[in-house]
$ cat protein.tsv   # TSV, C-alpha atoms
chain	number	residue	atom	x	y	z
A	1	MET	CA	25.99	-24.13	6.21
A	2	LYS	CA	25.00	-20.47	6.41
A	3	LYS	CA	22.96	-19.06	3.55
A	4	PRO	CA	24.54	-15.99	1.87
A	5	PHE	CA	22.71	-12.68	2.22
A	6	ASN	CA	20.35	-11.98	-0.66
A	7	PRO	CA	18.70	-8.52	-0.65
A	8	ASN	CA	15.98	-9.82	-2.97
A	9	ASP	CA	14.71	-12.05	-0.16
A	10	PHE	CA	13.20	-8.90	1.36
A	11	ASP	CA	11.38	-7.73	-1.75
A	12	THR	CA	7.73	-8.63	-1.51
A	13	ILE	CA	5.10	-7.04	-3.65
A	14	LEU	CA	2.11	-5.94	-1.64
A	15	SER	CA	-1.14	-4.50	-2.87
A	16	VAL	CA	-3.44	-1.96	-1.28
A	17	GLU	CA	-5.76	-4.91	-0.61
A	18	ASP	CA	-3.06	-6.60	1.52
A	19	VAL	CA	-2.56	-3.45	3.58
A	20	ALA	CA	-6.30	-2.82	3.95
A	21	LYS	CA	-6.70	-6.30	5.46
A	22	ARG	CA	-4.10	-5.38	8.11
A	23	PHE	CA	-5.47	-1.90	8.87
A	24	LYS	CA	-9.28	-2.01	8.98
A	25	THR	CA	-9.53	1.78	9.53
A	26	LEU	CA	-8.72	2.24	5.83
A	27	LEU	CA	-11.96	0.48	4.89
A	28	SER	CA	-14.18	3.29	6.18
A	29	MET	CA	-12.30	6.28	4.70
A	30	ASP	CA	-13.46	8.40	1.77
A	31	PHE	CA	-10.46	8.62	-0.55
A	32	THR	CA	-11.93	11.45	-2.59
A	33	LYS	CA	-11.45	13.58	0.54
A	34	VAL	CA	-8.21	12.17	1.94
A	35	SER	CA	-5.14	10.96	0.12
A	36	LEU	CA	-4.61	7.22	0.16
A	37	ALA	CA	-0.89	7.80	-0.39
A	38	ASP	CA	-0.72	10.03	2.71
A	39	GLU	CA	-2.64	7.51	4.82
A	40	LEU	CA	-0.35	4.70	3.68
A	41	ILE	CA	2.75	6.70	4.58
A	42	LYS	CA	1.38	7.05	8.14
A	43	LEU	CA	1.31	3.25	8.23
A	44	ASN	CA	4.87	2.95	6.80
A	45	TYR	CA	3.86	2.03	3.25
A	46	GLU	CA	4.31	3.90	-0.01
A	47	VAL	CA	2.58	3.64	-3.37
A	48	ILE	CA	4.89	2.31	-6.09
A	49	SER	CA	2.40	1.86	-8.94
A	50	ALA	CA	2.64	4.45	-11.69
A	51	SER	CA	-1.07	4.02	-12.39
A	52	TYR	CA	-2.11	5.42	-8.99
A	53	GLU	CA	-4.29	8.54	-9.19
A	54	ASP	CA	-4.80	10.41	-5.94
A	55	LYS	CA	-8.35	11.15	-4.75
A	56	LYS	CA	-9.96	9.55	-7.79
A	57	HIS	CA	-12.02	6.85	-6.04
A	58	LYS	CA	-14.09	6.98	-2.87
A	59	ASN	CA	-13.72	3.34	-1.80
A	60	ILE	CA	-10.44	1.65	-1.07
A	61	SER	CA	-11.60	-1.44	-2.97
A	62	ASP	CA	-11.14	0.55	-6.19
A	63	TYR	CA	-7.43	0.81	-5.33
A	64	TYR	CA	-6.90	-2.85	-4.39
A	65	GLN	CA	-4.63	-3.61	-7.38
A	66	ILE	CA	-2.27	-0.71	-6.69
A	67	GLU	CA	1.15	-1.92	-5.57
A	68	VAL	CA	2.75	-0.65	-2.37
A	69	ASP	CA	6.04	-1.20	-0.64
A	70	GLN	CA	6.86	-1.10	3.05
A	71	ILE	CA	9.01	1.79	4.19
A	72	VAL	CA	11.95	0.55	6.23
$ encode --input "protein.tsv" --output "structure tokens"
Amino acid sequence: MKKPFNPNDFDTILSVEDVAKRFKTLLSMDFTKVSLADELIKLNYEVISASYEDKKHKNISDYYQIEVDQIV
């Protein structure tokens, strides 16, 4: 029997930490000089957390809890 389409099957919550593990170049960037949001967009991700503050922290590890979504 075929399973009915459920759009919620495609919703997965990702964090900046998840994306950083996939794209190691993010680990060496200074995010007080470049925008994390802009860099994520280049990788087809967007910030969805309301608590995100651009260029506030230097290290990506300070943004690990920020939620992102893949751009499709």
$ residues_around --input "protein.tsv" --residues "Asp18 of chain A" --least-positions-apart "4" --cutoff "9 Å" --atoms "only C-alpha atoms" --output "compact mmCIF listing (two decimals) with C-alpha atoms, in the coordinates of the input"
# COMPACT_ATOMS: atom_id res chain seq x y z
CA LEU A 14 2.11 -5.94 -1.64
CA ARG A 22 -4.10 -5.38 8.11
CA TYR A 64 -6.90 -2.85 -4.39
$ residues_around --input "protein.tsv" --residues "Ser51 of chain A" --least-positions-apart "6" --cutoff "12 Å" --atoms "all atoms listed in the file" --output "list in words"
Tyr63, Gln65, Ile66, Glu67 and Val68 of chain A
$ atom_distance --input "protein.tsv" --atom1 "atom CA of Met29 of chain A" --atom2 "atom CA of Ala50 of chain A"
22.3 Å
$ atom_distance --input "protein.tsv" --atom1 "atom CA of Ile13 of chain A" --atom2 "atom CA of Thr25 of chain A"
21.6 Å
$ atom_distance --input "protein.tsv" --atom1 "atom CA of Val72 of chain A" --atom2 "atom CA of Val47 of chain A"
13.8 Å
$ residues_around --input "protein.tsv" --residues "Ile60 of chain A" --least-positions-apart "6" --cutoff "12 Å" --atoms "only C-alpha atoms" --output "ChimeraX atom specification"
/A:15-21,23-32,34-37,39-40,54,66
$ closest_residue --input "protein.tsv" --among "A:Asp38, A:Lys33, A:Tyr45, A:Gln70" --to "Lys58 of chain A" --atoms "all atoms listed in the file"
A:Lys33
